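Report on the following structure.
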Amino acid sequence: MKWEEVYQPLSIQERMIIDIAEAYKVDLTKLANLQVQKQENDTHMMEELYGRD
């Protein structure tokens, strides 16, 4: 699959994030992993506050 085929269907916001990340040499994989960790932490905090379903 060509890059254009992957890039074109993305939303404007997604394309902007990729363009900015490339311009500033940001590792998007690292950011994605940090986002997953944050979501897991948020879930854990909510379970601590409100209990598990």
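Identifiers in the structure tokens: chain A, B, ... in order shown; residue index from 1 per chain; ligand index from 1 in order shown.
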
message: Using DSSP secondary structure from the backbone, list all alpha helix (DSSP H) positions within chain A, as a PyMOL selection string.
response: chain A and resi 3-7+12-23+28-50

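Pairwise distance (atom CA of Ile20 of chain A, atom CA of Met1 of chain A) equals 22.6 Å.
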
query: Any idea what the distance is between atom CA of Asp27 of chain A and atom CA of Glu14 of chain A?
result: 14.8 Å

- request: For Ile18 of chain A, please output as a list in words all residues within 12 Å (counting only C-alpha atoms; exclusion window: fewer than 2 positions along the same chain).
  value: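 Skipping anything fewer than 2 positions along the chain leaves Val6, Tyr7, Gln8, Leu10, Ser11, Ile12, Gln13, Glu14, Arg15, Met16, Ile20, Ala21, Glu22, Ala23, Tyr24, Lys25, Val26, Asp27, Leu28, Thr29 and Leu31 of chain A.
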
May I have the selected residues written with N, CA and C atoms, as a tab-separated table (two decimals), in the first residue's frame?
chain	number	residue	atom	x	y	z
A	6	VAL	N	-2.74	5.54	2.42
A	6	VAL	CA	-2.93	5.53	3.88
A	6	VAL	C	-3.27	6.94	4.38
A	7	TYR	N	-2.55	7.92	3.86
A	7	TYR	CA	-2.63	9.30	4.34
A	7	TYR	C	-3.93	10.00	3.94
A	8	GLN	N	-4.35	9.85	2.71
A	8	GLN	CA	-5.50	10.60	2.20
A	8	GLN	C	-6.81	10.37	2.96
A	10	LEU	N	-7.29	9.90	6.02
A	10	LEU	CA	-7.24	10.41	7.39
A	10	LEU	C	-7.97	11.76	7.49
A	11	SER	N	-8.44	12.05	8.70
A	11	SER	CA	-9.07	13.35	8.93
A	11	SER	C	-8.01	14.45	8.89
A	12	ILE	N	-8.47	15.67	8.78
A	12	ILE	CA	-7.55	16.83	8.78
A	12	ILE	C	-6.72	16.82	10.06
A	13	GLN	N	-7.36	16.56	11.21
A	13	GLN	CA	-6.65	16.57	12.49
A	13	GLN	C	-5.57	15.49	12.51
A	14	GLU	N	-5.90	14.30	12.02
A	14	GLU	CA	-4.91	13.21	12.01
A	14	GLU	C	-3.74	13.55	11.10
A	15	ARG	N	-4.02	14.13	9.94
A	15	ARG	CA	-2.94	14.52	9.03
A	15	ARG	C	-2.07	15.61	9.64
A	16	MET	N	-2.70	16.56	10.35
A	16	MET	CA	-1.93	17.63	11.00
A	16	MET	C	-1.00	17.05	12.06
A	20	ILE	N	3.00	17.47	11.87
A	20	ILE	CA	3.73	18.14	12.95
A	20	ILE	C	4.75	17.18	13.57
A	21	ALA	N	4.34	15.93	13.79
A	21	ALA	CA	5.26	14.94	14.36
A	21	ALA	C	6.47	14.74	13.46
A	22	GLU	N	6.26	14.67	12.16
A	22	GLU	CA	7.38	14.53	11.22
A	22	GLU	C	8.27	15.77	11.26
A	23	ALA	N	7.67	16.94	11.30
A	23	ALA	CA	8.45	18.18	11.29
A	23	ALA	C	9.33	18.30	12.54
A	24	TYR	N	8.81	17.84	13.67
A	24	TYR	CA	9.55	17.96	14.94
A	24	TYR	C	10.25	16.67	15.34
A	25	LYS	N	10.25	15.68	14.44
A	25	LYS	CA	10.91	14.39	14.68
A	25	LYS	C	10.38	13.71	15.95
A	26	VAL	N	9.06	13.73	16.12
A	26	VAL	CA	8.41	13.12	17.27
A	26	VAL	C	8.13	11.65	16.97
A	27	ASP	N	8.41	10.78	17.93
A	27	ASP	CA	8.15	9.35	17.78
A	27	ASP	C	6.69	9.08	18.12
A	28	LEU	N	5.87	8.86	17.10
A	28	LEU	CA	4.44	8.65	17.31
A	28	LEU	C	4.15	7.34	18.03
A	29	THR	N	5.00	6.35	17.86
A	29	THR	CA	4.83	5.08	18.57
A	29	THR	C	4.99	5.31	20.07
A	31	LEU	N	4.49	8.13	21.65
A	31	LEU	CA	3.31	8.89	22.10
A	31	LEU	C	2.09	7.99	22.23
